[in-house]
2 protein chains.
Amino acid sequence: MPTRPRPSSGVTIGDVAAAADVSRATVSRAFSRPELLRPETVDHVKAVAERLGYTANRAAQALSTGRFGNIAMVVPDVANPFFPPMVRTVQSRAEQADLAVFLGDADESAEREAKLAARFSPQVDGFILASPRLSAERIWELADKRPVVLVNRDVEGIPRVLIDSSGGMTEGVVHLKRLGHRRIAYLAGPRDSWSDQQRRSAITRAAAAAGMEVEVIEVGRPSYTAGRSAVSALVAAGATAAVAFDDVVSQGVLAGLELRDIAVPRDFSLMGCDDTLAALTTPAMTSVSAASAAAGTAAADLLVRMLETGRAEPERLTVATHLVVRATTGPAAG
Amino acid sequence: MPTRPRPSSGVTIGDVAAAADVSRATVSRAFSRPELLRPETVDHVKAVAERLGYTANRAAQALSTGRFGNIAMVVPDVANPFFPPMVRTVQSRAEQADLAVFLGDADESAEREAKLAARFSPQVDGFILASPRLSAERIWELADKRPVVLVNRDVEGIPRVLIDSSGGMTEGVVHLKRLGHRRIAYLAGPRDSWSDQQRRSAITRAAAAAGMEVEVIEVGRPSYTAGRSAVSALVAAGATAAVAFDDVVSQGVLAGLELRDIAVPRDFSLMGCDDTLAALTTPAMTSVSAASAAAGTAAADLLVRMLETGRAEPERLTVATHLVVRATTGPAAG
DNA sequence: ATGAAAGCGCTAACAC
DNA sequence: GTGTTAGCGCTTTCAT
């Protein structure tokens, strides 16, 4: 008989059973189904386990039950200030359900999202995909194997939490119109981002309704530098105001305008989105509220419920936004 | 014999073995030790596995090998811009070693760090603790069970990566002295943070050496609001310059000063630390470089090596810092 | 209320 | 080079 030095996770359920003079089944039940045991048995077993420093082997548990006690959260970029608050709330909700959270940063790439999903899939009970760039097909495939909750992405039949920026966006356009602007620019984000598509169409529609012209300028990956570099295009477009895909880009634009001695809001109006940094800049930026923290809680809640009830109806939530007017929007120049 | 509906992870190694007409051991080897098999066997097995959509059950693997293929990273606050770049680099290094990363946000609390560590411990091969607030004893306890790498924390016998801010801090004090400042303030961070202790003593020492007075003002959790609120204490202290624990606090101070119409750098000099936001503010802040991304890579590297070699010598790295002079430091007023 | 025992899917001795 | 087989530590059915 083989006697290889087996990997030992230290104290096992057998050790506790022996020390407490009960069967392993009893030890197991003391933790997972204490109501099946006499209270004194439970106490005794737990005391012994405590004394021995017993911790259940998660792998064995998972192998036996088929449940891992883990979920995965995938984000396009943790360094984007939109996500950390969401990461935090997802974690705290997950912790309440005794779930540990894997975090994957996809670096704004659909390909890397797929890789991460594949890597996590064999050891998680479910996924939260924040602003995923994955195709609907791949999301369906994934959802076919594990419960999936989406944030800021709408795919048929998949539970999701949407932060609907169109309300705030529209208010923003109206606000700019009232200030006398006639020609504005939208600094667009990643094309495969649902948020960008939504914002793009909201602003286009609102501008048309208000009889304003809108020039769309692509900046690609939403970053400070991308925003700063976009200023020349902004100037070339002859716009007197701009709405940026998010606050990060907006902050870059702010710096770029300053560099060219274009005063905000005197010579130019600027509006961000998500309200992640807007309150912290100088001057403070007008932005569209977002509440990504709340979205995180909601998403985690949905997932936890799916896990507990076993694939309930796909719930679909939408949270509204509004414009937060600060110092970067003012009357049109001239 | 029991016939409960066993949790099935779909296609198992047995299915592949049957379909490929080999033993399960061969299938296992085709993936983990292909060099032991005839190339054609490997190809055949892999092809069949592919066709069947086989994915190894991680729990079974872990149970059998005692290795999980996961590591945990614990940070005090993901929303603090110092950490996301580190999280990203840790992840990318971990991915190269085929390790998945659990992320825990401890919310600046030692207690929560301990909880997270306990939660992750039974299913990870090692830990990266970033700026942990845990006591040395608890860190030793943890390191006793699993390999641990520390970032910005020095505990005897534990591998770690330190970003030594004292160099940059000292340069900063000299810089302020040269500008004519005589009385400065240090806006201190969390007392249980190694970084804060180090910065605190570096500035105290440097100021003493330069014959300057330094008032230490505690702000507690390093946040924008904490920084902004600290401005009154700053004014009361009669300092003409301040060094903040980090850029987040510094950014808050900047806003607080602006609110009181104290012009920077004309009336007051301000210096941040870590250079996370400094380049993005208006005016751009003088700060101490930090390279948290590099620290993350180094830490992950250390951990991966420990995992591969099996507890090598505890390596201990220190990365130096320097002052990055920008617009918020100028001649002393008056 | 508790115990006995099968088996979750995989890996690694060992035999051939 | 490949097969056989004994577990890894846990949960759960079934029996008592």
# chains A, B, ... in the order shown; residues from 1 in each chain; ligands from 1

$ interface_residues --of "chain B" --to "chain C" --cutoff "6 Å" --atoms "only C-alpha atoms (C1' of nucleotides)" --output "JSON, numbers by chain"
{"B": [60, 61, 64]}

$ write_last_selection --atoms "C-alpha atoms" --output "PDB file, in the first residue's frame"
ATOM      1  CA  ALA B  60     -10.369  17.610  -6.209  1.00  0.00           C
ATOM      2  CA  GLN B  61      -7.002  18.749  -7.406  1.00  0.00           C
ATOM      3  CA  SER B  64      -5.227  15.598  -3.668  1.00  0.00           C
TER       4      SER B  64
END

$ interface_residues --of "chain A" --to "chain B" --cutoff "8 Å" --atoms "only C-alpha atoms" --output "PyMOL selection string"
chain A and resi 6-9+55-60+62-66+78-79+81+84-85+87-88+91+100-105+119-120+122-123+224+251-252+255+280-282

$ select_by_dssp --residues "stretch 43-158 of chain B" --states "strand (DSSP E or B)" --output "list in words"
Asn70, Ile71, Ala72, Met73, Val74, Val75, Ala100, Val101, Phe102, Leu103, Gly104, Asp105, Gly126, Phe127, Ile128, Leu129, Ala130, Val148, Val149, Leu150 and Val151 of chain B

$ write_last_selection --atoms "N, CA and C atoms" --output "CSV table (one decimal), in the first residue's frame"
chain,number,residue,atom,x,y,z
B,70,ASN,N,-4.2,29.3,-5.5
B,70,ASN,CA,-4.8,30.6,-5.2
B,70,ASN,C,-3.9,31.3,-4.2
B,71,ILE,N,-3.9,32.6,-4.3
B,71,ILE,CA,-3.3,33.4,-3.3
B,71,ILE,C,-4.2,34.5,-2.8
B,72,ALA,N,-4.0,35.1,-1.7
B,72,ALA,CA,-4.9,36.1,-1.2
B,72,ALA,C,-4.1,37.4,-1.0
B,73,MET,N,-4.7,38.5,-1.4
B,73,MET,CA,-4.1,39.8,-1.2
B,73,MET,C,-5.0,40.6,-0.3
B,74,VAL,N,-4.5,41.2,0.7
B,74,VAL,CA,-5.3,42.0,1.6
B,74,VAL,C,-4.8,43.4,1.7
B,75,VAL,N,-5.7,44.3,1.4
B,75,VAL,CA,-5.3,45.7,1.5
B,75,VAL,C,-6.2,46.5,2.5
B,100,ALA,N,-4.8,32.2,-9.0
B,100,ALA,CA,-5.9,33.2,-8.9
B,100,ALA,C,-5.8,34.0,-7.6
B,101,VAL,N,-6.3,35.2,-7.7
B,101,VAL,CA,-6.1,36.1,-6.5
B,101,VAL,C,-7.4,36.5,-5.8
B,102,PHE,N,-7.5,36.1,-4.6
B,102,PHE,CA,-8.6,36.6,-3.7
B,102,PHE,C,-8.2,38.0,-3.3
B,103,LEU,N,-9.1,39.0,-3.3
B,103,LEU,CA,-8.8,40.3,-2.7
B,103,LEU,C,-9.7,40.5,-1.5
B,104,GLY,N,-9.0,41.0,-0.5
B,104,GLY,CA,-9.7,41.4,0.7
B,104,GLY,C,-9.5,42.8,1.1
B,105,ASP,N,-10.6,43.6,1.3
B,105,ASP,CA,-10.4,45.0,1.7
B,105,ASP,C,-10.7,45.0,3.2
B,126,GLY,N,-0.8,31.2,-0.2
B,126,GLY,CA,0.1,32.2,0.4
B,126,GLY,C,-0.7,33.5,0.4
B,127,PHE,N,0.0,34.5,1.1
B,127,PHE,CA,-0.6,35.8,1.3
B,127,PHE,C,0.3,36.9,0.9
B,128,ILE,N,-0.3,38.0,0.4
B,128,ILE,CA,0.4,39.2,0.2
B,128,ILE,C,-0.4,40.2,1.1
B,129,LEU,N,0.2,40.7,2.1
B,129,LEU,CA,-0.5,41.7,3.0
B,129,LEU,C,0.1,43.1,2.7
B,130,ALA,N,-0.7,43.9,2.2
B,130,ALA,CA,-0.3,45.3,1.9
B,130,ALA,C,-0.5,46.2,3.0
B,148,VAL,N,3.9,34.2,3.6
B,148,VAL,CA,3.4,35.5,3.7
B,148,VAL,C,4.4,36.5,3.2
B,149,VAL,N,4.0,37.4,2.3
B,149,VAL,CA,4.9,38.5,1.9
B,149,VAL,C,4.2,39.8,2.3
B,150,LEU,N,5.0,40.6,3.0
B,150,LEU,CA,4.5,41.9,3.4
B,150,LEU,C,4.9,43.1,2.5
B,151,VAL,N,4.0,44.0,2.4
B,151,VAL,CA,4.4,45.2,1.6
B,151,VAL,C,4.3,46.4,2.6

$ closest_residue --among "B:Arg146, B:Arg182, B:Arg266, B:Arg191" --to "B:Leu134" --atoms "only C-alpha atoms"
B:Arg191

$ interface_residues --of "chain D" --to "chain A" --cutoff "12 Å" --atoms "only C-alpha atoms (C1' of nucleotides)" --output "PyMOL selection string"
chain D and resi 4-13

$ residues_around --residues "B:Arg221" --least-positions-apart "2" --cutoff "7 Å" --atoms "only C-alpha atoms (C1' of nucleotides)" --output "list of chain:residue names"
B:Gly189, B:Pro190, B:Val219, B:Ser223

$ write_last_selection --atoms "N, CA and C atoms" --output "tab-separated table (two decimals), in the first residue's frame"
chain	number	residue	atom	x	y	z
B	189	GLY	N	-0.79	59.92	9.32
B	189	GLY	CA	-1.78	58.90	8.96
B	189	GLY	C	-2.05	57.96	10.11
B	190	PRO	N	-2.57	56.78	9.81
B	190	PRO	CA	-2.91	55.80	10.84
B	190	PRO	C	-1.67	55.40	11.64
B	219	VAL	N	-4.54	62.87	11.50
B	219	VAL	CA	-5.78	62.94	10.72
B	219	VAL	C	-6.51	61.60	10.72
B	223	SER	N	-7.96	60.26	4.25
B	223	SER	CA	-9.00	60.49	3.27
B	223	SER	C	-9.04	61.96	2.87

$ atom_distance --atom1 "atom CA of B:Leu162" --atom2 "atom CA of B:Ala295"
7.6 Å

$ atom_distance --atom1 "atom CA of B:Leu317" --atom2 "atom CA of B:Thr204"
24.4 Å
